Each structure stands twice: as C-alpha cells, then as structure tokens.
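So this block is query-v7.cif, mmCIF, C-alpha atoms:
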```
data_entry
loop_
_atom_site.label_atom_id
_atom_site.label_comp_id
_atom_site.auth_asym_id
_atom_site.auth_seq_id
_atom_site.Cartn_x
_atom_site.Cartn_y
_atom_site.Cartn_z
CA MET A 36 -17.06 7.53 5.53
CA LYS A 37 -15.45 10.70 6.83
CA LYS A 38 -13.49 11.28 3.63
CA LEU A 39 -16.53 10.45 1.52
CA LEU A 40 -18.68 12.99 3.38
CA SER A 41 -16.03 15.69 3.13
CA LEU A 42 -15.57 15.12 -0.59
CA THR A 43 -19.34 15.09 -1.07
CA LEU A 44 -19.74 18.43 0.70
CA ILE A 45 -16.93 19.97 -1.32
CA LEU A 46 -18.32 18.57 -4.58
CA LEU A 47 -21.79 19.91 -3.83
CA PHE A 48 -20.27 23.22 -2.84
CA SER A 49 -18.29 23.34 -6.10
CA LEU A 50 -21.36 22.50 -8.16
CA SER A 51 -23.35 25.14 -6.30
CA VAL A 52 -20.78 27.87 -7.01
CA THR A 53 -20.34 26.78 -10.64
CA GLN A 54 -24.07 26.66 -11.21
CA ILE A 55 -24.56 30.09 -9.62
CA LEU A 56 -21.83 31.64 -11.77
CA SER A 57 -23.03 30.04 -14.99
CA GLN A 58 -26.63 31.02 -14.36
CA ASN A 59 -25.59 34.62 -13.84
CA ILE A 60 -23.45 34.72 -16.98
CA ASN A 61 -26.37 33.30 -18.93
CA GLY A 62 -28.55 36.16 -17.75
CA SER A 63 -30.44 34.85 -14.71
CA SER A 64 -31.97 37.29 -12.25
CA GLU A 65 -29.52 37.39 -9.33
CA PHE A 66 -25.95 36.43 -8.54
CA LYS A 67 -25.67 34.74 -5.16
CA TYR A 68 -22.58 35.51 -3.10
CA ARG A 69 -21.59 35.49 0.54
CA ARG A 70 -23.02 38.57 2.14
CA SER A 71 -22.43 39.85 5.65
CA SER A 72 -25.43 39.42 7.96
CA LEU A 73 -27.21 42.30 9.68
CA HIS A 74 -29.78 43.09 12.35
CA THR A 75 -31.02 46.63 13.05
CA ILE A 76 -32.35 48.04 16.33
CA LEU A 77 -34.00 51.38 17.07
CA MET A 78 -33.26 53.33 20.24
CA GLU A 79 -36.49 55.23 20.85
CA LEU A 80 -36.23 58.82 22.05
CA ASP A 81 -38.91 60.75 23.91
CA ASN A 82 -41.67 62.39 21.93
CA PHE A 83 -40.60 64.68 19.09
CA PRO A 84 -42.53 66.16 16.14
CA LYS A 85 -43.98 63.56 13.77
CA LYS A 86 -42.52 60.75 15.88
CA ASP A 87 -45.16 58.19 14.89
CA THR A 88 -44.59 58.87 11.19
CA VAL A 89 -40.81 58.68 11.59
CA ILE A 90 -40.97 55.40 13.51
CA LYS A 91 -43.40 53.92 11.00
CA ALA A 92 -41.12 54.93 8.12
CA TYR A 93 -38.12 53.39 9.92
CA TYR A 94 -39.84 50.03 10.25
CA ASN A 95 -41.18 50.15 6.68
CA ALA A 96 -37.82 51.10 5.17
CA PRO A 97 -36.41 48.52 2.74
CA PHE A 98 -33.86 46.24 4.39
CA PRO A 99 -30.31 46.99 3.11
CA ASP A 100 -30.11 44.65 0.14
CA LYS A 101 -26.34 44.14 0.33
CA TYR A 102 -26.70 42.18 3.60
CA ASN A 103 -28.41 38.99 4.72
CA ASP A 104 -31.43 39.76 6.89
CA HIS A 105 -30.49 38.41 10.32
CA THR A 106 -33.41 39.97 12.21
CA ILE A 107 -34.21 38.66 15.69
CA ASP A 108 -37.16 39.44 17.98
CA VAL A 109 -35.51 42.48 19.63
CA LYS A 110 -36.21 45.41 17.30
CA SER A 111 -36.30 48.46 19.58
CA PHE A 112 -35.85 49.58 23.18
CA ASN A 113 -36.35 52.53 25.48
CA PRO A 114 -32.97 53.84 26.72
CA LYS A 115 -34.63 55.18 29.90
CA LEU A 116 -34.95 51.58 31.06
CA TYR A 117 -31.14 51.37 31.16
CA PRO A 118 -29.92 54.37 33.20
CA ILE A 119 -26.17 54.79 33.62
CA SER A 120 -24.77 55.71 37.02
CA ASP A 121 -21.66 57.79 37.64
CA GLU A 122 -19.93 54.67 38.93
CA GLU A 123 -20.73 52.81 35.71
CA ARG A 124 -19.38 55.69 33.65
CA ALA A 125 -16.17 55.81 35.67
CA SER A 126 -15.56 52.05 35.45
CA SER A 127 -16.68 51.57 31.83
CA GLY A 128 -13.46 52.60 30.13
CA VAL A 129 -15.54 54.25 27.41
CA LYS A 130 -14.09 57.55 26.23
CA LYS A 131 -16.18 60.57 25.39
CA THR A 132 -14.85 60.65 21.85
CA PHE A 133 -14.23 57.70 19.58
CA GLY A 134 -12.49 59.58 16.79
CA GLY A 135 -13.54 60.14 13.20
CA ALA A 136 -17.09 61.35 12.69
CA LEU A 137 -17.87 61.34 16.40
CA LYS A 138 -15.63 64.22 17.39
CA GLN A 139 -16.57 67.88 17.65
CA GLY A 140 -18.69 67.66 20.75
CA MET A 141 -20.96 64.86 19.66
CA PHE A 142 -20.65 63.28 23.09
CA ALA A 143 -21.10 66.47 25.08
CA LYS A 144 -23.32 66.29 28.13
CA PRO A 145 -26.80 67.84 27.72
CA GLY A 146 -26.62 71.59 28.15
CA GLU A 147 -22.93 71.85 27.28
CA ALA A 148 -21.57 73.54 24.18
CA ASN A 149 -22.02 71.61 20.94
CA ASP A 150 -24.85 69.63 22.51
CA ASP A 151 -26.07 66.73 20.38
CA PRO A 152 -28.99 64.29 20.77
CA ALA A 153 -26.40 61.51 21.06
CA SER A 154 -24.36 61.51 24.27
CA TYR A 155 -21.38 59.37 25.11
CA ASP A 156 -23.72 57.44 27.41
CA ASP A 157 -25.28 55.78 24.36
CA THR A 158 -22.66 53.06 24.05
CA LEU A 159 -23.00 52.27 27.76
CA VAL A 160 -26.79 52.11 27.46
CA ILE A 161 -26.54 49.86 24.41
CA ARG A 162 -24.05 47.58 26.16
CA LYS A 163 -26.39 47.29 29.12
CA PHE A 164 -29.33 46.55 26.83
CA PHE A 165 -27.37 43.88 24.90
CA LYS A 166 -26.50 42.13 28.15
CA ASP A 167 -30.05 42.28 29.52
CA LYS A 168 -31.67 40.90 26.36
CA LYS A 169 -28.85 38.47 25.49
CA VAL A 170 -28.77 39.93 21.99
CA ALA A 171 -25.48 38.22 21.02
CA ASN A 172 -26.82 34.83 22.15
CA LYS A 173 -29.90 35.37 20.01
CA MET A 174 -27.77 36.25 16.99
CA VAL A 175 -25.86 32.97 17.37
CA ALA A 176 -29.10 31.06 17.99
CA LYS A 177 -30.50 32.33 14.69
CA TRP A 178 -27.43 31.18 12.81
CA PHE A 179 -28.03 27.64 14.04
CA ASN A 180 -31.84 27.67 13.84
CA ARG A 181 -32.19 27.02 17.58
CA GLN A 182 -35.43 25.29 18.53
CA PRO A 183 -37.46 25.57 21.78
CA ASP A 184 -35.83 22.36 23.06
CA GLY A 185 -32.39 23.93 22.57
CA SER A 186 -31.37 21.87 19.54
CA PHE A 187 -29.52 23.33 16.54
CA ASP A 188 -28.99 22.61 12.84
CA ILE A 189 -26.75 24.01 10.09
CA GLU A 190 -29.29 24.68 7.34
CA LEU A 191 -28.84 28.48 7.39
CA ILE A 192 -25.05 28.16 7.28
CA ALA A 193 -25.40 25.71 4.41
CA ASP A 194 -27.61 28.12 2.52
CA ARG A 195 -25.60 31.30 3.11
CA GLY A 196 -22.35 29.41 2.59
CA MET A 197 -23.65 28.34 -0.83
CA PHE A 198 -23.75 24.67 0.05
CA ASP A 199 -26.68 22.83 -1.47
CA ALA A 200 -28.68 22.38 1.74
CA SER A 201 -31.10 19.87 0.22
CA PHE A 202 -28.25 17.37 -0.09
CA LEU A 203 -26.78 17.90 3.36
CA ASP A 204 -27.52 15.28 5.98
CA THR A 205 -27.16 17.19 9.24
CA LYS A 206 -26.85 14.12 11.46
CA THR A 207 -24.12 12.59 9.31
CA ALA A 208 -22.25 15.86 9.08
CA MET A 209 -22.29 16.31 12.83
CA ALA A 210 -21.08 12.73 13.31
CA SER A 211 -18.06 13.26 11.10
CA SER A 212 -15.01 15.23 12.17
CA ASP A 213 -14.28 16.06 8.52
CA GLY A 214 -17.83 17.27 8.01
CA ILE A 215 -17.67 19.42 11.15
CA SER A 216 -14.32 20.82 10.05
CA LEU A 217 -15.75 21.96 6.73
CA LEU A 218 -18.80 23.51 8.37
CA LYS A 219 -16.60 25.25 10.95
CA THR A 220 -14.59 26.78 8.12
CA ALA A 221 -17.75 28.14 6.54
CA GLY A 222 -18.89 29.35 9.95
CA LEU A 223 -15.76 31.40 10.53
CA ASP A 224 -16.26 33.11 7.18
CA LEU A 225 -19.98 33.73 7.66
CA ILE A 226 -20.71 34.13 11.37
CA TYR A 227 -17.72 36.40 11.91
CA ASN A 228 -19.29 38.91 9.51
CA THR A 229 -22.46 39.40 11.57
CA PHE A 230 -23.39 42.95 12.54
CA VAL A 231 -25.91 44.91 14.58
CA VAL A 232 -26.65 48.58 13.88
CA VAL A 233 -28.39 50.52 16.66
CA SER A 234 -29.90 53.81 15.46
CA LYS A 235 -31.24 56.82 17.30
CA MET A 236 -33.39 59.26 15.34
CA ASN A 237 -34.63 62.79 15.88
CA PHE A 238 -36.83 65.00 13.76
CA LEU A 239 -37.03 68.75 13.26
CA SER A 240 -39.21 71.03 11.16
CA ASN A 241 -37.02 73.25 8.99
CA GLU A 242 -39.22 76.22 9.97
CA ILE A 243 -37.54 76.45 13.38
CA PRO A 244 -33.93 77.10 12.22
CA ALA A 245 -35.22 79.08 9.22
CA ALA A 246 -37.11 81.43 11.58
CA VAL A 247 -33.98 81.98 13.68
CA ILE A 248 -31.98 82.86 10.57
CA ARG A 249 -34.73 85.19 9.35
CA GLU A 250 -34.81 87.10 12.62
CA GLY A 251 -31.06 87.54 12.55
CA ALA A 252 -31.15 88.75 8.94
CA ILE A 253 -33.93 91.25 9.68
CA LEU A 254 -32.07 92.64 12.69
CA ALA A 255 -28.98 93.08 10.52
CA ALA A 256 -31.06 94.72 7.77
CA LYS A 257 -32.46 97.27 10.22
CA GLU A 258 -28.95 98.54 10.82
CA ILE A 259 -28.75 99.66 7.18
CA LYS A 260 -29.20 103.45 6.93
CA ASN A 261 -30.35 103.55 3.31
CA GLY A 262 -34.12 103.00 3.31
CA LEU A 263 -34.28 101.32 -0.09
CA LEU A 264 -31.42 98.99 0.69
CA GLN A 265 -32.94 98.18 4.08
CA ALA A 266 -36.29 97.30 2.52
CA ALA A 267 -34.57 95.15 -0.08
CA ALA A 268 -32.60 93.29 2.60
CA ILE A 269 -35.73 92.63 4.66
CA THR A 270 -37.59 91.39 1.57
CA ALA A 271 -34.67 89.09 0.74
CA ALA A 272 -34.75 87.71 4.30
CA GLU A 273 -38.47 86.95 3.99
CA VAL A 274 -38.02 85.26 0.60
CA ALA A 275 -35.15 83.15 1.95
CA TYR A 276 -37.23 82.20 4.99
CA LYS A 277 -40.20 81.06 2.90
CA LYS A 278 -37.91 78.85 0.83
CA ALA A 279 -35.92 77.44 3.74
CA LYS A 280 -38.87 76.69 6.04
CA GLU A 281 -40.38 74.07 3.74
CA GLY A 282 -39.91 70.42 4.63
CA TYR A 283 -38.15 68.65 7.45
CA SER A 284 -34.81 67.37 8.66
CA VAL A 285 -34.24 63.93 10.16
CA TRP A 286 -31.13 63.36 12.27
CA THR A 287 -29.80 59.84 12.80
CA THR A 288 -26.90 58.54 14.86
CA SER A 289 -26.07 54.88 14.19
CA TYR A 290 -23.77 52.66 16.24
CA LEU A 291 -22.12 49.66 14.57
CA TYR A 292 -21.42 46.40 16.43
CA GLN A 293 -19.93 43.11 15.28
CA LEU A 294 -20.54 39.65 16.72
CA ASP A 295 -17.35 38.49 18.44
CA TRP A 296 -16.71 35.11 16.83
CA ASN A 297 -13.31 33.42 16.64
CA ASP A 298 -11.65 30.01 16.85
CA SER A 299 -11.80 29.75 20.63
CA ILE A 300 -15.44 30.87 20.90
CA GLN A 301 -16.40 28.54 18.06
CA HIS A 302 -14.57 25.65 19.74
CA VAL A 303 -16.46 26.14 23.02
CA PHE A 304 -19.77 26.40 21.17
CA TYR A 305 -19.35 23.22 19.10
CA ASN A 306 -17.93 21.18 21.97
CA ASP A 307 -19.87 22.42 25.01
CA LEU A 308 -23.07 24.09 23.79
CA TYR A 309 -24.13 22.52 20.50
CA ILE A 310 -27.18 20.24 20.91
CA ASP A 311 -28.15 17.81 18.17
CA ALA A 312 -31.87 17.12 17.70
CA THR A 313 -31.29 13.45 18.47
CA LYS A 314 -29.53 14.16 21.79
CA ILE A 315 -31.51 16.80 23.68
CA ASP A 316 -29.58 18.01 26.72
CA ALA A 317 -31.44 20.24 29.20
CA ALA A 318 -28.24 21.16 31.04
CA LYS A 319 -26.56 22.39 27.86
CA LYS A 320 -29.69 24.32 26.97
CA LYS A 321 -29.56 26.18 30.29
CA VAL A 322 -25.88 26.96 29.85
CA PHE A 323 -26.51 28.47 26.42
CA ASP A 324 -29.37 30.59 27.80
CA THR A 325 -27.17 32.09 30.52
CA THR A 326 -23.65 32.10 29.07
CA SER A 327 -21.74 35.34 28.56
CA LEU A 328 -19.49 33.68 25.98
CA PHE A 329 -21.11 35.60 23.13
CA GLN A 330 -20.58 39.35 22.91
CA LEU A 331 -21.08 42.22 20.47
CA LYS A 332 -18.05 44.50 20.09
CA PHE A 333 -18.33 48.18 19.25
CA ILE A 334 -16.84 49.10 15.87
CA GLY A 335 -17.79 52.76 15.46
CA ALA A 336 -20.56 55.22 14.74
CA GLU A 337 -21.73 57.81 12.24
CA LYS A 338 -24.42 60.46 12.09
CA SER A 339 -26.39 61.87 9.20
CA ARG A 340 -28.90 64.64 8.50
CA SER A 341 -31.36 64.42 5.63
CA LEU A 342 -33.31 67.37 4.29
CA VAL A 343 -36.40 67.02 2.13
CA THR A 344 -38.40 70.02 1.02
CA PHE A 345 -41.78 70.36 -0.62
CA SER A 346 -41.34 69.92 -4.36
CA LEU A 347 -42.95 72.23 -6.86
CA LYS A 348 -43.02 69.46 -9.47
CA THR A 349 -44.29 66.61 -7.34
CA LYS A 350 -47.19 66.97 -4.93
CA ARG A 351 -46.52 65.13 -1.68
CA THR A 352 -48.38 65.02 1.57
CA GLU A 353 -46.62 66.04 4.76
CA GLU A 354 -46.50 62.40 5.85
CA GLN A 355 -44.85 61.40 2.56
CA ILE A 356 -42.20 64.08 3.01
CA VAL A 357 -41.38 62.82 6.50
CA GLU A 358 -41.20 59.24 5.21
CA LEU A 359 -38.91 60.26 2.36
CA ALA A 360 -36.56 62.16 4.68
CA THR A 361 -36.44 59.30 7.18
CA ILE A 362 -35.62 56.53 4.73
CA ARG A 363 -33.07 58.58 2.79
CA ASN A 364 -31.44 59.46 6.09
CA ILE A 365 -31.14 55.78 7.02
CA ASP A 366 -29.52 55.08 3.66
CA ALA A 367 -27.11 57.99 4.15
CA VAL A 368 -25.91 56.89 7.57
CA PHE A 369 -25.40 53.31 6.34
CA ALA A 370 -23.33 54.63 3.44
CA LYS A 371 -21.17 56.56 5.91
CA LEU A 372 -20.67 53.49 8.12
CA GLN A 373 -19.62 51.45 5.10
CA LYS A 374 -17.10 54.04 3.96
CA SER A 375 -15.66 54.57 7.45
CA TYR A 376 -15.36 50.92 8.50
CA ASP A 377 -13.92 48.59 5.87
CA ILE A 378 -15.14 45.45 7.63
CA PHE A 379 -18.74 46.62 7.19
CA MET A 380 -18.34 47.57 3.54
CA PRO A 381 -20.20 45.05 1.37
CA LYS A 382 -19.02 43.53 -1.89
CA THR A 383 -21.33 44.05 -4.85
CA PRO A 384 -21.54 41.89 -8.00
CA LEU A 385 -20.97 43.44 -11.40
CA TYR A 386 -24.19 43.60 -13.38
CA THR A 387 -22.49 43.74 -16.78
CA GLY A 388 -18.88 43.53 -17.93
CA ASN A 389 -19.01 45.64 -21.09
CA PRO A 390 -19.86 48.34 -20.23
CA ILE A 391 -18.83 47.83 -16.61
CA THR A 392 -21.93 48.41 -14.47
CA ALA A 393 -23.27 47.53 -11.03
CA LYS A 394 -26.55 47.98 -9.16
CA ILE A 395 -25.31 50.60 -6.71
CA GLY A 396 -25.66 54.37 -6.82
CA MET A 397 -26.51 57.51 -4.90
CA LYS A 398 -28.10 55.53 -2.06
CA GLU A 399 -24.63 54.11 -1.37
CA GLY A 400 -23.18 57.64 -1.39
CA LEU A 401 -21.68 57.63 -4.89
CA GLU A 402 -20.96 61.07 -6.33
CA GLY A 403 -18.46 60.22 -9.07
CA GLY A 404 -14.78 59.38 -9.13
CA GLU A 405 -14.92 56.77 -6.35
CA LYS A 406 -12.52 53.87 -6.93
CA PHE A 407 -13.43 50.20 -6.54
CA GLU A 408 -11.35 47.04 -6.55
CA VAL A 409 -12.62 44.09 -8.62
CA PHE A 410 -12.47 40.57 -7.16
CA GLU A 411 -13.01 37.06 -8.44
CA GLN A 412 -14.29 34.40 -6.03
CA VAL A 413 -11.91 31.45 -5.84
CA MET A 414 -12.65 28.26 -3.94
CA ASP A 415 -10.02 26.00 -2.38
CA GLN A 416 -10.91 22.53 -3.66
CA LYS A 417 -9.54 20.88 -0.52
CA THR A 418 -11.28 22.95 2.16
CA GLY A 419 -14.23 24.57 0.39
CA VAL A 420 -12.99 27.97 1.61
CA ILE A 421 -13.77 30.93 -0.64
CA SER A 422 -11.11 33.59 -1.12
CA TYR A 423 -11.08 36.70 -3.28
CA LYS A 424 -8.52 37.28 -6.04
CA SER A 425 -7.97 40.91 -7.10
CA MET A 426 -8.61 41.52 -10.81
CA GLY A 427 -7.94 45.27 -11.00
CA LYS A 428 -9.49 48.64 -10.22
CA ILE A 429 -12.33 50.69 -11.72
CA GLU A 430 -13.73 54.19 -11.19
CA VAL A 431 -17.29 55.55 -11.04
CA ASP A 432 -18.28 57.56 -14.11
CA LYS A 433 -19.63 60.80 -12.63
CA ASN A 434 -21.98 61.27 -15.60
CA LEU A 435 -23.63 57.85 -15.28
CA ILE A 436 -24.58 57.38 -11.61
CA TRP A 437 -27.85 55.65 -10.78
CA ASP A 438 -30.15 57.65 -8.49
CA ASN A 439 -31.46 54.71 -6.49
CA ARG A 440 -32.39 56.72 -3.42
CA PHE A 441 -35.81 55.98 -1.94
CA ASN A 442 -38.58 57.97 -3.60
CA LEU A 443 -42.35 57.99 -3.50
CA GLY A 444 -43.07 57.50 -7.17
CA SER A 445 -41.59 57.63 -10.65
CA GLU A 446 -42.43 61.33 -10.89
CA ASP A 447 -39.88 62.21 -8.23
CA PRO A 448 -37.91 65.09 -9.79
CA ASP A 449 -34.71 63.78 -8.23
CA ASN A 450 -34.81 60.88 -10.67
CA GLY A 451 -35.24 63.01 -13.79
CA ASP A 452 -38.27 63.11 -16.09
CA GLU A 453 -39.09 63.18 -19.75
CA ASN A 454 -38.72 66.98 -19.83
CA SER A 455 -35.27 66.83 -18.28
CA LYS A 456 -31.93 66.25 -19.97
CA LYS A 457 -30.90 64.08 -17.03
CA PRO A 458 -31.02 60.40 -18.09
CA VAL A 459 -33.04 57.91 -16.08
CA LEU A 460 -30.64 55.11 -15.14
CA ASP A 461 -31.06 51.72 -13.48
CA ARG A 462 -27.37 51.03 -12.80
CA THR A 463 -24.06 52.87 -12.35
CA THR A 464 -21.32 52.77 -14.99
CA PHE A 465 -17.60 52.47 -14.24
CA LYS A 466 -14.48 53.33 -16.20
CA GLY A 467 -11.21 51.42 -16.46
CA GLY A 468 -10.22 47.79 -16.88
CA LYS A 469 -11.31 45.15 -19.34
CA ASN A 470 -12.25 41.48 -19.60
CA TYR A 471 -14.62 41.81 -16.65
CA TYR A 472 -17.83 39.78 -16.57
CA PRO A 473 -21.10 39.67 -14.59
CA GLY A 474 -20.69 38.19 -11.12
CA LEU A 475 -17.24 39.54 -10.33
CA LEU A 476 -17.40 41.38 -7.01
CA ILE A 477 -16.43 44.99 -6.42
CA LYS A 478 -15.58 46.75 -3.18
CA GLN A 479 -14.96 50.47 -2.68
CA ILE A 480 -11.45 51.63 -1.89
CA LYS A 481 -11.10 54.34 0.73
#
```
Can you dump the structure from the file as structure tokens?
Amino acid sequence: MKKLLSLTLILLFSLSVTQILSQNINGSSEFKYRRSSLHTILMELDNFPKKDTVIKAYYNAPFPDKYNDHTIDVKSFNPKLYPISDEERASSGVKKTFGGALKQGMFAKPGEANDDPASYDDTLVIRKFFKDKKVANKMVAKWFNRQPDGSFDIELIADRGMFDASFLDTKTAMASSDGISLLKTAGLDLIYNTFVVVSKMNFLSNEIPAAVIREGAILAAKEIKNGLLQAAAITAAEVAYKKAKEGYSVWTTSYLYQLDWNDSIQHVFYNDLYIDATKIDAAKKKVFDTTSLFQLKFIGAEKSRSLVTFSLKTKRTEEQIVELATIRNIDAVFAKLQKSYDIFMPKTPLYTGNPITAKIGMKEGLEGGEKFEVFEQVMDQKTGVISYKSMGKIEVDKNLIWDNRFNLGSEDPDNGDENSKKPVLDRTTFKGGKNYYPGLLIKQIK
C-alpha cells in the first residue's frame, strides 16, 4: 500500500507537469511553475500629506504576479504600539547598518545628520510585532489550511507543488510513511521559499524641495553684478521651479523576511503539532497556538523614491498622480529587493522561444543589457523533487523592453502613443541562445 501510494503520487505529479508543459507549448494561457510565496505588511506612519490616498493606493496595488499570494489576516500595524527601550536596543544584537543599500546614514537617529524616515529601530519593532501577532505561526497555518479545531490538510501544498490535488486522498497520504515523505519533500521546496515584506511609506510634495532650490538659486543670482545676467538667472530659477514643483514623491523602505523552515522544524511540526481532521487533539492545538518554533528571519532591506509629475499629454487628477507614484514606487522597491537578494529573485517562464521573449519589463527594473540564465525544470522520477537544469544565458535587448509599469490608462505617455516612434510592446525580447521554447524558466544574474 505504501509503495502503491508513493508511485501514484509520483505518477500524478509527472502527469501534472507533463500536461502543464504540453498545454503551454500548444499555446494555452499560462505556464504553471513553482513560485515563492509572499505576504506584504504595511507599517503605518503618522499623518503625512495625502496619507489616505497613499494608503488606499497601497492596498489597491496589484499583487506581485511572480509570487503566490500568501496573505494572512495581519495586513498593517502601528509601530507606536511596539516601542523599543534602550535595554532592548542594547540586548538585540541588531547593528545600525546592515550593509548594501542601507548604509549612508539610513539608520541615523531622528535629528542626526543624514536623517531618514527609517531608523535602525524598525527591525526591532517588526520583530516585536511578529512575536506579538504570531505572524510566522499564521504563515505556517495557511500552508496547511488550518481549521478552527486546529486540524490541517495538504491541499495547498498539493496545488502549489503541482500535484493533482483532486486525486490526493489526504487521510491515506498521512497514514503512509512514503506518502508523508513525498509531501515533506515538496514542503521543503515550497514552504522554505515563503517571504514577508514589511513596507514603510512616506509622501512629499515636490513643491517643498523645489522651493528650497529656487530660493538658493535666486540668492546666488543676486550676487551677479551684471543686471541683465542677474535678471536672466532669476528668470531661469523661476522657470526651473515651476517645472520641478509639479507632482509628488513617494518614499518607501521595505524589509524582507523569510520563514525559517528546515528539516528539524519540519520534523517537529509533522510529529508533534500536525493534527489530522479525524484525530482532533486540543492539547496539540494549544501548543501550536503558543509555540515559538516558527520564526521569520531578516534577509535585508531596500528603499526607493518614485517621482511622478503632471503630464502635459495626459490629464490626471491629483489623486491619480499620487496613486501612480505610490504603485510605481512599490514596484521599484520590489525590483531592488529581487536584485539584491538572490533567494527572493523569482524565476519567470519564457513566453516565446523564437524570438526569445518573456512577460517582464521596466516594472522589474529592466533597462537593457541585463543577463539571465535559462533553466529547464527536471523532475526526479523516484522522489518527485523538481530541480533546475541550466540551458544557457540570454541578454535583454535594450531596444525591445516592455514598459509594464503601472499606469492609469492606455494614453499614458510613458507607454508610447500612435504619434510616437516608440513601439508599444507587451513583452521583453532577449538576445543570445537558441533552441529555447515557451515554459523554460529564466532568472536574472547579478
């Protein structure tokens, strides 16, 4: 029975992968592959200009389509509810700089030089919040579809692992050591790649810094002795101010965390905490609710600033401009996190093989010349484990990059128009390599 179940799971898994690949090659709508899973949380600051519009835009922003949506019920929090004492700072072991993009005074205390809305306290606040709300426990609970009585099932793992869930008998699988072994293997591949991104946003009208620059330019112009030249310099300062003051800037700092999931944690979960629907155990349920076994580990952080000005070609309301800046800023900071931290960088399926194209573009930070490695998914027939075989390398064609950044209509001048020589694209083209086909996965090389 055990061998029969294991072979059945592997066979169904093989059929699922084969069917998915063949459907894609024959031109079906979407190639299904194992994505990392993601939940996003907003750290809400005190009032700032247009805060309601910014927050609304954040929540209405499209979910990053290269990840599985692993949203739980904790979507935002007020950092003031989690104050950090001097003793907690001293004993935390958290350094004021984490390297990379977070240097240059980003973690300076308020009032110090190079002050930034994000302080080094953020990671301590987030850690405290995670512990209070048991965020890691909730992430694990979602993976196993935890019910109010504490019971679990493996339907989500079956689905995201590309098993055919409709043919899986959960009870039988959990009764078989071979079945559990196969599901554990899928779990290590899937659950390990679970992430939480905590973002903190601020908003500033461009008129404020533009006015400061104008005043400085006018003061400098007044030092000019020649009257005509002085007048010209002052006029230039006014013209520059009028152009620079339009629109808004949105600043975002995002902190990346990964669910800590390994062999030992998985072993404790399956053996001591897993509750089958046919064997409800109140004691186990309580242990899961209170355990500190599950944790989220800090990976790194990035910050981004997005500027959107009033367009002369496209008429937008002030609220639309704020929304555009906010969502493009979110995309930008995600692109930075992906480039900085390889573990968070998603794989993307090729859309066509000749020419070589994929559905990624400027939203993912492409500018031209970026190099990607091409992979083929290979499944071990004995274990059902998917691995990735390198097929070669390709490069982004700088002349054929898709502008897939968020916009508020097809008339957005950033996307080109019928009066422009800039082509309107719906995919990005790559150079190099041959014999590639739709469904192969690509991943950017640093």
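Here the PyMOL selection byres ((chain A and resi 373-381) around 7) matches the residues Lys101, Phe369, Ala370, Lys371, Leu372, Lys382, Thr383, Lys478 and Lys481 of chain A.
The gap separating CA of Leu291 in chain A from CA of Thr325 in chain A is 24.3 Å, in Å to one decimal.
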Report as a ChimeraX atom specification all protein, DNA and RNA residues lying within 7 Å of Ser72 in chain A, evaluated on all atoms listed in the file, omitting residues in the same chain fewer than 6 positions from it. /A:102-105,228-230
Could you state which residues are captured by the PyMOL selection byres ((chain A and resi 396) around 8) in this file, as a PyMOL selection string? chain A and resi 394-395+397-401+436-440+462-463
Okay, now the selection with C-alpha atoms, as a PDB file, in the coordinates of the input?
```pdb
ATOM      1  CA  LYS A 394     -26.550  47.980  -9.160  1.00  0.00           C
ATOM      2  CA  ILE A 395     -25.310  50.600  -6.710  1.00  0.00           C
ATOM      3  CA  MET A 397     -26.510  57.510  -4.900  1.00  0.00           C
ATOM      4  CA  LYS A 398     -28.100  55.530  -2.060  1.00  0.00           C
ATOM      5  CA  GLU A 399     -24.630  54.110  -1.370  1.00  0.00           C
ATOM      6  CA  GLY A 400     -23.180  57.640  -1.390  1.00  0.00           C
ATOM      7  CA  LEU A 401     -21.680  57.630  -4.890  1.00  0.00           C
ATOM      8  CA  ILE A 436     -24.580  57.380 -11.610  1.00  0.00           C
ATOM      9  CA  TRP A 437     -27.850  55.650 -10.780  1.00  0.00           C
ATOM     10  CA  ASP A 438     -30.150  57.650  -8.490  1.00  0.00           C
ATOM     11  CA  ASN A 439     -31.460  54.710  -6.490  1.00  0.00           C
ATOM     12  CA  ARG A 440     -32.390  56.720  -3.420  1.00  0.00           C
ATOM     13  CA  ARG A 462     -27.370  51.030 -12.800  1.00  0.00           C
ATOM     14  CA  THR A 463     -24.060  52.870 -12.350  1.00  0.00           C
TER      15      THR A 463
END
```
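What separates CA of Tyr471 in chain A from CA of Phe407 in chain A is a distance of 13.2 Å.
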What does the PyMOL selection byres ((chain A and resi 253) around 12) select in this file, as a PyMOL selection string? chain A and resi 246-252+254-259+265-276
At a cut-off of 6 Å around the point (-24.7, 51.5, 16.0) (file coordinates), what residues fall inside when counting all atoms listed in the file? I'd like the answer as a short mmCIF file (atom, residue, chain, number, x, y, z; two decimals) with C-alpha atoms, in the frame of the given file.
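Writing done, so here's point-v8.cif:
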```
data_model
loop_
_atom_site.label_atom_id
_atom_site.label_comp_id
_atom_site.auth_asym_id
_atom_site.auth_seq_id
_atom_site.Cartn_x
_atom_site.Cartn_y
_atom_site.Cartn_z
CA VAL A 232 -26.65 48.58 13.88
CA VAL A 233 -28.39 50.52 16.66
CA SER A 234 -29.90 53.81 15.46
CA SER A 289 -26.07 54.88 14.19
CA TYR A 290 -23.77 52.66 16.24
CA LEU A 291 -22.12 49.66 14.57
CA ALA A 336 -20.56 55.22 14.74
#
```
To one decimal place in Å, what is the distance between CA of Asn95 in chain A and CA of Arg351 in chain A? 18.0 Å
Residues within 12 Å of range 180-184 of chain A, only C-alpha atoms, excluding chain neighbours under 3 positions, as number ranges by chain: A: 105, 107, 172-177, 187-193, 308-321, 323-324
So, with only C-alpha atoms as the atoms that count, which of A:Leu263, A:Pro97, A:Val89, A:Gly427 lies closest to Ser284 in chain A? A:Val89
Give as a list in words the set of residues within 9 Å of the point (-37.6, 66.8, 18.6), where distances use the file's coordinates and only C-alpha atoms. Leu80, Asp81, Asn82, Phe83, Pro84, Lys85, Lys86, Asn237, Phe238, Leu239 and Ser240 of chain A
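Around range 362-367 of chain A, within 7 Å and counting all atoms listed in the file, the residues found are Ala92, Tyr93, Ala96, Val285, Thr287, Ser339, Arg340, Ser341, Glu358, Lys371, Lys398, Gly400, Arg440 and Phe441 of chain A, once anything fewer than 4 positions away on its own chain is removed.
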How about saving the chosen residues, C-alpha atoms kept, as a compact mmCIF listing (two decimals), in the frame of the given file?
```txt
# COMPACT_ATOMS: atom_id res chain seq x y z
CA ALA A 92 -41.12 54.93 8.12
CA TYR A 93 -38.12 53.39 9.92
CA ALA A 96 -37.82 51.10 5.17
CA VAL A 285 -34.24 63.93 10.16
CA THR A 287 -29.80 59.84 12.80
CA SER A 339 -26.39 61.87 9.20
CA ARG A 340 -28.90 64.64 8.50
CA SER A 341 -31.36 64.42 5.63
CA GLU A 358 -41.20 59.24 5.21
CA LYS A 371 -21.17 56.56 5.91
CA LYS A 398 -28.10 55.53 -2.06
CA GLY A 400 -23.18 57.64 -1.39
CA ARG A 440 -32.39 56.72 -3.42
CA PHE A 441 -35.81 55.98 -1.94
```
